[in-house]
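Asker: Input structure: structure25.txt, which contains compact mmCIF, C-alpha atoms.
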```txt
# COMPACT_ATOMS: atom_id res chain seq x y z
CA MET A 797 -41.09 0.05 -44.23
CA ILE A 798 -37.64 -1.51 -44.08
CA HIS A 799 -36.70 -3.53 -40.98
CA ILE A 800 -32.99 -4.45 -40.80
CA PHE A 801 -31.72 -7.17 -38.46
CA GLY A 802 -28.14 -8.21 -37.87
CA THR A 803 -27.19 -11.85 -37.46
CA SER A 804 -24.19 -13.96 -36.50
CA HIS A 805 -23.64 -16.76 -38.96
CA VAL A 806 -23.13 -19.56 -36.45
CA SER A 807 -25.56 -18.69 -33.68
CA GLN A 808 -28.80 -20.38 -32.67
CA GLU A 809 -29.97 -16.92 -31.59
CA SER A 810 -29.87 -15.86 -35.24
CA LEU A 811 -32.04 -18.77 -36.34
CA ASP A 812 -34.57 -17.89 -33.65
CA LEU A 813 -34.46 -14.21 -34.66
CA VAL A 814 -35.24 -15.08 -38.27
CA GLU A 815 -38.38 -17.02 -37.37
CA GLU A 816 -39.50 -14.48 -34.78
CA LYS A 817 -39.25 -11.42 -37.05
CA ILE A 818 -40.80 -13.05 -40.12
CA GLU A 819 -43.75 -14.21 -38.02
CA GLU A 820 -44.07 -10.90 -36.15
CA ILE A 821 -43.87 -8.54 -39.15
CA ASN A 822 -45.28 -10.82 -41.87
CA PRO A 823 -43.43 -8.85 -44.57
CA GLU A 824 -44.10 -8.65 -48.26
CA ILE A 825 -40.42 -9.28 -48.98
CA VAL A 826 -37.57 -10.95 -47.11
CA ALA A 827 -34.23 -9.53 -48.28
CA LEU A 828 -31.10 -11.55 -47.63
CA GLU A 829 -27.34 -11.00 -47.65
CA LEU A 830 -27.00 -13.57 -50.42
CA ASP A 831 -26.44 -13.78 -54.15
CA VAL A 832 -27.55 -16.52 -56.54
CA PRO A 833 -24.28 -18.54 -56.55
CA ARG A 834 -24.02 -18.43 -52.76
CA LEU A 835 -27.66 -19.45 -52.29
CA ASN A 836 -27.22 -22.35 -54.72
CA SER A 837 -24.13 -23.42 -52.80
CA LEU A 838 -26.03 -23.38 -49.49
CA LEU A 839 -29.00 -25.23 -50.98
CA SER A 840 -26.77 -27.94 -52.43
CA ASP A 841 -24.72 -28.10 -49.22
CA LYS A 842 -21.51 -27.68 -51.23
CA ASN A 843 -18.56 -25.51 -50.33
CA GLU A 844 -17.62 -23.70 -53.54
CA ASN A 845 -14.42 -22.44 -51.91
CA ARG A 846 -12.84 -25.83 -51.43
CA GLY A 847 -9.26 -26.00 -52.58
CA SER A 848 -5.73 -25.99 -51.37
CA SER A 849 -4.53 -22.61 -52.68
CA LEU A 850 -3.23 -20.07 -50.18
CA PHE A 851 -5.77 -17.52 -51.46
CA VAL A 852 -8.72 -19.80 -50.74
CA ARG A 853 -7.34 -20.65 -47.29
CA VAL A 854 -6.88 -16.97 -46.47
CA LEU A 855 -10.52 -16.32 -47.38
CA GLN A 856 -11.61 -19.20 -45.18
CA PHE A 857 -9.46 -17.80 -42.38
CA PHE A 858 -11.26 -14.47 -42.54
CA GLN A 859 -14.61 -16.19 -42.33
CA GLN A 860 -13.39 -18.16 -39.31
CA SER A 861 -11.62 -15.41 -37.38
CA ILE A 862 -13.86 -12.43 -38.12
CA GLY A 863 -16.82 -13.51 -40.23
CA LYS A 864 -18.27 -15.91 -37.70
CA GLU A 865 -18.06 -13.26 -35.00
CA THR A 866 -19.48 -10.32 -36.94
CA GLY A 867 -21.34 -11.86 -39.87
CA VAL A 868 -19.11 -10.64 -42.71
CA MET A 869 -20.11 -13.47 -45.02
CA PRO A 870 -23.50 -15.21 -45.30
CA GLY A 871 -24.16 -18.58 -43.70
CA GLU A 872 -26.63 -21.02 -42.25
CA GLU A 873 -29.05 -18.42 -40.89
CA MET A 874 -29.51 -16.97 -44.38
CA LEU A 875 -30.52 -20.37 -45.68
CA HIS A 876 -32.92 -20.70 -42.74
CA ALA A 877 -34.43 -17.31 -43.58
CA TYR A 878 -34.82 -18.32 -47.22
CA ARG A 879 -36.62 -21.54 -46.33
CA THR A 880 -38.81 -19.83 -43.72
CA ALA A 881 -39.88 -17.19 -46.25
CA GLU A 882 -40.63 -19.83 -48.88
CA LYS A 883 -42.66 -21.85 -46.38
CA ASN A 884 -44.77 -18.74 -45.69
CA ASP A 885 -45.13 -17.81 -49.39
CA ILE A 886 -43.13 -14.60 -48.93
CA GLU A 887 -41.07 -13.15 -51.78
CA VAL A 888 -37.30 -13.44 -51.31
CA ALA A 889 -34.83 -10.86 -52.60
CA LEU A 890 -31.09 -11.57 -52.81
CA ILE A 891 -29.36 -8.23 -52.25
CA ASP A 892 -25.66 -9.06 -51.95
CA GLN A 893 -23.02 -8.60 -54.62
CA ASP A 894 -22.26 -11.69 -56.70
CA ILE A 895 -19.60 -13.59 -54.75
CA ARG A 896 -17.62 -14.17 -57.96
CA ILE A 897 -17.19 -10.41 -58.28
CA THR A 898 -16.14 -10.15 -54.64
CA PHE A 899 -13.54 -12.91 -55.04
CA SER A 900 -12.28 -11.37 -58.28
CA LYS A 901 -11.66 -8.08 -56.45
CA LEU A 902 -9.91 -9.87 -53.60
CA LYS A 903 -7.41 -11.36 -56.04
CA ASN A 904 -6.20 -7.83 -56.75
CA VAL A 905 -5.35 -7.10 -53.12
CA SER A 906 -1.73 -5.99 -52.71
CA PHE A 907 0.94 -8.63 -52.19
CA ARG A 908 1.91 -7.02 -48.88
CA GLU A 909 -1.59 -7.35 -47.48
CA LYS A 910 -1.92 -10.92 -48.76
CA LEU A 911 1.41 -11.74 -47.11
CA LYS A 912 0.25 -10.24 -43.82
CA ALA A 913 -3.02 -12.19 -44.04
CA GLY A 914 -1.09 -15.36 -44.85
CA ALA A 915 1.08 -14.88 -41.77
CA GLN A 916 -1.97 -14.43 -39.58
CA LEU A 917 -3.50 -17.49 -41.21
CA LEU A 918 -0.53 -19.56 -40.06
CA VAL A 919 -0.91 -18.20 -36.52
CA GLY A 920 -4.57 -19.12 -36.62
CA MET A 921 -3.75 -22.65 -37.75
CA ILE A 922 -1.08 -23.11 -35.07
CA PHE A 923 -3.10 -21.47 -32.28
CA PRO A 924 -6.75 -22.02 -33.28
CA GLY A 925 -7.91 -21.13 -29.78
CA ASN A 926 -7.20 -17.46 -30.51
CA PHE A 927 -10.50 -17.16 -32.35
CA GLU A 928 -13.68 -17.86 -30.43
CA ILE A 929 -16.83 -18.64 -32.34
CA ALA A 930 -19.80 -16.57 -31.22
CA HIS A 931 -22.91 -18.52 -30.30
CA GLU A 932 -24.91 -15.36 -29.77
CA ILE A 933 -25.26 -12.25 -31.92
CA PRO A 934 -22.34 -10.04 -30.78
CA GLU A 935 -22.89 -6.67 -29.14
CA GLU A 936 -22.45 -3.60 -31.33
CA GLU A 937 -19.39 -2.49 -29.34
CA LEU A 938 -17.62 -5.78 -30.11
CA ILE A 939 -18.59 -5.59 -33.77
CA ASP A 940 -17.18 -2.05 -34.02
CA GLN A 941 -13.96 -3.18 -32.36
CA LEU A 942 -13.48 -6.15 -34.69
CA LEU A 943 -14.26 -4.10 -37.78
CA LEU A 944 -11.80 -1.39 -36.73
CA GLU A 945 -9.17 -4.08 -36.23
CA MET A 946 -9.88 -5.55 -39.66
CA GLU A 947 -9.82 -2.12 -41.31
CA PHE A 948 -6.49 -1.28 -39.64
CA LYS A 949 -4.76 -4.58 -40.41
CA PHE A 950 -6.29 -5.35 -43.82
CA PRO A 951 -7.72 -2.13 -45.31
CA GLU A 952 -8.06 -3.44 -48.87
CA MET A 953 -9.88 -6.61 -47.81
CA TYR A 954 -12.04 -4.57 -45.44
CA ASP A 955 -13.07 -2.26 -48.27
CA ILE A 956 -13.97 -5.18 -50.54
CA LEU A 957 -15.66 -7.43 -47.98
CA VAL A 958 -17.46 -4.77 -45.96
CA GLU A 959 -17.66 -1.28 -47.47
CA GLN A 960 -18.27 -2.17 -51.11
CA ARG A 961 -20.80 -4.84 -50.24
CA ASN A 962 -22.60 -2.43 -47.89
CA LYS A 963 -23.01 0.01 -50.79
CA HIS A 964 -24.25 -2.74 -53.09
CA MET A 965 -26.84 -3.98 -50.59
CA ILE A 966 -28.03 -0.45 -49.81
CA GLU A 967 -28.58 0.20 -53.52
CA SER A 968 -30.44 -3.10 -53.84
CA LEU A 969 -32.71 -2.16 -50.93
CA ARG A 970 -33.44 1.28 -52.40
CA LYS A 971 -34.68 -0.41 -55.57
CA LEU A 972 -36.87 -2.79 -53.58
CA GLU A 973 -38.25 0.12 -51.54
CA LYS A 974 -39.48 1.77 -54.75
CA GLU A 975 -41.19 -1.41 -55.89
CA THR A 976 -43.39 -2.04 -52.86
CA ASP A 977 -45.42 -0.22 -50.20
CA GLY A 978 -45.29 -3.27 -47.93
CA ASP A 979 -42.83 -4.21 -45.22
CA ILE A 980 -39.37 -5.49 -46.13
CA VAL A 981 -37.51 -7.57 -43.56
CA VAL A 982 -33.76 -7.58 -44.11
CA PHE A 983 -31.31 -10.08 -42.64
CA VAL A 984 -27.62 -9.22 -42.95
CA GLY A 985 -24.52 -10.11 -40.99
CA ALA A 986 -24.17 -7.99 -37.87
CA ALA A 987 -21.10 -6.29 -39.39
CA HIS A 988 -23.26 -4.75 -42.12
CA ARG A 989 -26.30 -3.71 -40.08
CA LYS A 990 -25.11 -0.43 -38.56
CA ALA A 991 -24.11 1.16 -41.87
CA MET A 992 -27.32 0.05 -43.53
CA VAL A 993 -29.60 1.24 -40.73
CA LYS A 994 -28.08 4.73 -41.02
CA GLU A 995 -29.20 4.87 -44.65
CA PHE A 996 -32.82 4.00 -43.95
CA ASN A 997 -33.57 5.83 -40.69
```
Would you mind writing the file out in structure tokens?
Answerer:
Amino acid sequence: MIHIFGTSHVSQESLDLVEEKIEEINPEIVALELDVPRLNSLLSDKNENRGSSLFVRVLQFFQQSIGKETGVMPGEEMLHAYRTAEKNDIEVALIDQDIRITFSKLKNVSFREKLKAGAQLLVGMIFPGNFEIAHEIPEEELIDQLLLEMEFKFPEMYDILVEQRNKHMIESLRKLEKETDGDIVVFVGAAHRKAMVKEFN
């Protein structure tokens, strides 16, 4: 059976959820919203996105303004889940699309959308208080609202960061489901959970 849990990448609640569900379900596999490069980056405590280019700063802006609220990109709680699974001798599966592919697709976003994102980046830098960081996993209503806003303002980035990665992770889970009769616990950012749960209910 597949158990899917949504997390917020900066919340203590997410770290507690990871430990609670792994202990409670004792799964055969823990599946994470990670890929090999991203996991290696988290394990080495290095930020592979460092740099001064506008493109890199726009990506970091999205993680700050939306990702930390909804869990669009993986973070500390995924590393915690990985280490908790390893400590309990549980197999770990990385189900997300390779981040290098995701970034490559983002480079092809239209100039107009990049310009709009750049303008909002400047607003975020000048008025950083506009974006609150969630310390609890956000309610589904808030997640839906933020995703709708992202889809409306930045449809190409939304498709690449959310929709395409949802499809990739769903396909990865379907393969895992065929390989085991045991329980699979899945931790993904809260923004991805709703779409994935629909596929496995």
Asker: Between A:Gly978, A:Glu819, A:His988, A:Glu995, single out the one closest to Lys883 in chain A, counting only C-alpha atoms.
Answerer: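 Checking each of A:Gly978, A:Glu819, A:His988, A:Glu995 against Lys883 in chain A, counting only C-alpha atoms, the winner is A:Glu819.
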Asker: So, counting only C-alpha atoms, which residue among A:Lys949, A:Lys901, A:His876, A:Arg989 is closest to Ile966 in chain A?
Answerer: A:Arg989
Asker: Using only C-alpha atoms and a cutoff of 8 Å, can you tell me which residues are near (-40.0, -18.5, -40.5) in the file's coordinates, and write them out as a list in words?
Answerer: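 Checked against the point, the hits come out as Val814, Glu815, Glu816, Lys817, Ile818, Glu819, His876, Ala877, Arg879, Thr880, Ala881, Lys883 and Asn884 of chain A.
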Asker: Could you name the residues that touch Pro823 in chain A at 8 Å or less, counting only C-alpha atoms, but leaving out those on the same chain fewer than 3 positions away, as a ChimeraX atom specification?
Answerer: /A:818,826,886,978-981
Asker: Calculated over only C-alpha atoms, which of the candidates A:Glu882, A:Asp894, A:Glu909, A:Glu945 has the smallest distance to Arg961 in chain A?
Answerer: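 Closest to Arg961 in chain A, using only C-alpha atoms: A:Asp894.
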